[in-house]
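Worksheet for the structure shown next.
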Amino acid sequence: MSVLVVGASAAGLTTVEALRRKGFRDQVTVLGAEWHPPYDRPPLSKQFLRGDWDEDRTRLRPEAMLSALDASFVLGDSAVAFDSGSRTVTTASGRTLTADAVVIATGLTPRRLPGVQLDGVHVLRTLDDAAALRKDFAAAKRLVVVGDGVLGAEIAATARKMGLAVTMAGPQTVPLESQLGPMIGGLLAELHRSEGVELRLGTAVIGLTEADGRVSGVQLADGNVLPADVVVVALGATPATDWLSGSGLVIDNGVVCDAYCRAADGVYAAGDVARWPYEDSLIRLENRTNATEQALCVADNLLGADRPYAPVPYFWTDQFAAKLQVHGRPAADAEVVVAEGNLEDGRFVAHYRRGGRVVAVLGWNLPKQTRLHRGQHLGPA
């Protein structure tokens with residue numbers, strides 16, 4: 001059986017490694033849109049952006065380990081079409097790649113502000129994005145981050161540590177409100193303000209101002225303009241599925257799969273792009289942990305395991321001195337109860353409750369205790 005993995009990041013690489021570890025020795029091909037060998041994305045908004053890490057350190061595996069996988073890596077050539085019946089992928093360069101089984105792991109495409117493209121306006125998804133942003137930071141004084149989710153908050157924290165004047169703008173009243181609710185979001189707002197980040201939240205961004213082809217400010221719906229030398233747009237991302245139009249797969253906010261991560265006969269999806277049934281709905285998870293765990297499940301099922309994918313969702317975020325770890329499915333309207341520690345010390349574990357049961361556990365600078373609470377209420381890791 002030959003396997004073609006479309007996507008050369010964490011989910012794609014983990015699939016290949018798991019197959020080899022389980023004794024699969026047939027042909028494996030990995031198709032990646034970028035020229036870079038597989039690298040890790042979470043450090044891009046932190047260690048790499050700050051300049052603490054170089055490009056080599058972001059790599060998921062050294063060259064020797066990639067070579068030992070005995071897989072064919074086709075890099076710098078993006079997928080542009082797919083026929084699920086024949087399991088054939090067409091690439092931008094005109095290649096056609098066919099395999100007995102195909103794993104779709106193409107990730108996300110960042111949202112951008114509509115309108116004119118200006119110098120100094122960035123998104124952050126790829127290593128090249130991060131390198132360009134780091135270069136602009138070196139000459140900048142004022143940054144506006146358009147977006148108040150995890151990525152926007154992390155970029156704001158990193159830039160502030162680098163000495164830039166930072167403003168965060170976004171539609172929510174506090175950072176991460178839709179994910180973690182008003183109480184935790186309020187604590188994050190206090191943290192950012194205490195570190196010198198200006199928050200202009202609760203007002204939509206309607207455009208950009210410019211001077212000589214370079215961004216000069218961010219225009220808010222209330223009429224104010226936030227001056228900026230650099231702007232980062234962190235308004236979320238959409239699944240990278242345009243190339244799957246006409247493929248025969250069900251595409252609806254991602255590649256729709258069954259409980260085994262199977263999108264069609266011989267076709268699987270893993271990572272940010274995959275959407276599958278979980279409890280009472282279809283979900284899609286955009287985080288590094290899910291990319292790895294789902295890829296492991298896909299590898300098992302490629303080898304005949306028939307294992308449903310039923311994880312306890314998990315993500316983390318580092319902002320200034322706060323490390324947040326979130327297990328389960330928090331909701332903005334859930335009841336939040338501090339179960340250990342206290343808010344004033346900045347070290348606590350909180351439970352999100354719905355219908356009388358704990359649906360998520362959040363830890364703020366208490367990693368060991370957070371894992372214990374997860375095990376007690378959500379199941380073992």
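By order in the structure tokens, chains are A, B, ...; within a chain, residues start at 1; ligands start at 1, following the order shown.
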
Proximity of stretch 71-95 of chain A to stretch 225-243 of chain A: per-residue shortest pair, 8 Å limit, only C-alpha atoms, as a tab-separated table:
residue	atom	partner	partner_atom	distance
A:Ala79	CA	A:Trp243	CA	6.5
A:Val80	CA	A:Trp243	CA	4.6
A:Ala81	CA	A:Trp243	CA	4.9
A:Phe82	CA	A:Trp243	CA	7.0

Write out, as a compact mmCIF listing (two decimals), in the first residue's frame, the residues just selected, with N, CA and C atoms.
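Output (result08.txt):
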# COMPACT_ATOMS: atom_id res chain seq x y z
N ALA A 79 -0.47 21.54 -3.44
CA ALA A 79 -1.56 20.81 -4.07
C ALA A 79 -2.59 21.80 -4.60
N VAL A 80 -3.09 21.57 -5.82
CA VAL A 80 -4.09 22.47 -6.40
C VAL A 80 -5.38 21.75 -6.76
N ALA A 81 -5.36 20.42 -6.81
CA ALA A 81 -6.58 19.67 -7.14
C ALA A 81 -6.45 18.25 -6.62
N PHE A 82 -7.62 17.64 -6.39
CA PHE A 82 -7.65 16.26 -5.87
C PHE A 82 -8.86 15.54 -6.42

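If you count only C-alpha atoms and ignore residues fewer than 6 places along the chain from A:Ala8, what sits within 10 Å of it is A:Thr14, A:Thr15, A:Val16, A:Val30, A:Leu31, A:Gly32, A:Ala33, A:Glu34, A:Trp35, A:His36, A:Pro37, A:Pro38, A:Tyr39, A:Phe73, A:Val74, A:Leu75, A:Ala105, A:Thr106, A:Gly107.
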
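The nearest approach to A:Glu279 among the residues A:Leu118, A:Ala332, A:Gln325, A:Val359, with only C-alpha atoms taken into account, belongs to A:Val359.
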
Restricting the calculation to only C-alpha atoms, which member of A:Ala101, A:Lys323, A:Pro330, A:Ala64 is positioned closest to A:Ala299?
A:Ala101

Min atom-atom distance to A:Gly271 from the set A:Asn253, A:Asn342, A:Gln294, A:Ser247, counting only C-alpha atoms, belongs to A:Gln294

Mind checking which residues fall within 10 Å of A:Leu362, counting only C-alpha atoms, ignoring those fewer than 4 positions away in the same chain, and posting them as a list in words?
Leu180, Ile184, Tyr314, Phe315, Trp316, Leu324, Gln325, Val326, His327, Gly328, Arg329, Pro330, Val336, Val338, Ala339, Phe348, Val349, Ala350, His351, Tyr352, Leu366, Pro367, Thr370, Arg371, His373 and Arg374 of chain A

So that I can check the secondary structure, give me every residue of stretch 176-336 of chain A assigned helix (DSSP H, G or I) by backbone DSSP, as an MDAnalysis selection string.
chainID A and resid 177:194 242:244 271:273 288:302

One number please: atom CA of A:Gln27 to atom CA of A:Ile104, in Å, one decimal.
16.6 Å

Using only C-alpha atoms, find each residue in stretch 185-213 of chain A having at least one atom no more than 12 Å away from stretch 141-151 of chain A; report its shortest atom-to-atom pair and that distance in Å (one decimal), rows by chain then rising number, as a Markdown table.
| residue | atom | partner | partner_atom | distance |
| --- | --- | --- | --- | --- |
| A:Gly185 | CA | A:Gly149 | CA | 9.9 |
| A:Leu188 | CA | A:Asp148 | CA | 10.5 |
| A:Ala189 | CA | A:Asp148 | CA | 10.0 |
| A:His192 | CA | A:Asp148 | CA | 11.4 |
| A:Val197 | CA | A:Val144 | CA | 9.9 |
| A:Glu198 | CA | A:Val144 | CA | 9.3 |
| A:Leu199 | CA | A:Asp148 | CA | 9.3 |
| A:Arg200 | CA | A:Val146 | CA | 9.7 |
| A:Leu201 | CA | A:Asp148 | CA | 7.9 |
| A:Gly202 | CA | A:Asp148 | CA | 9.8 |
| A:Thr203 | CA | A:Val146 | CA | 10.8 |
| A:Ala204 | CA | A:Val146 | CA | 9.4 |
| A:Val205 | CA | A:Val146 | CA | 7.5 |
| A:Ile206 | CA | A:Val146 | CA | 10.6 |
| A:Gly207 | CA | A:Val146 | CA | 10.5 |
| A:Leu208 | CA | A:Val146 | CA | 10.7 |

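The shortest atom-to-atom distance to A:Thr91, with only C-alpha atoms taken into account, belongs to A:Val6 out of A:Leu108, A:Val6, A:Met65, A:Val103.
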
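Nearest to A:Glu293 of all the residues A:Pro313, A:Gly213, A:Gly379, A:Gly186 is A:Pro313, based on only C-alpha atoms.
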
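Near A:Gly266, within a cut-off of 10 Å and counting only C-alpha atoms, sit the residues Val3, Ser84, Gly85, Ser86, Arg87, Ala99, Asp100, Ala101, Val102, Val103 and Leu302 of chain A, with same-chain residues fewer than 5 positions away left out.
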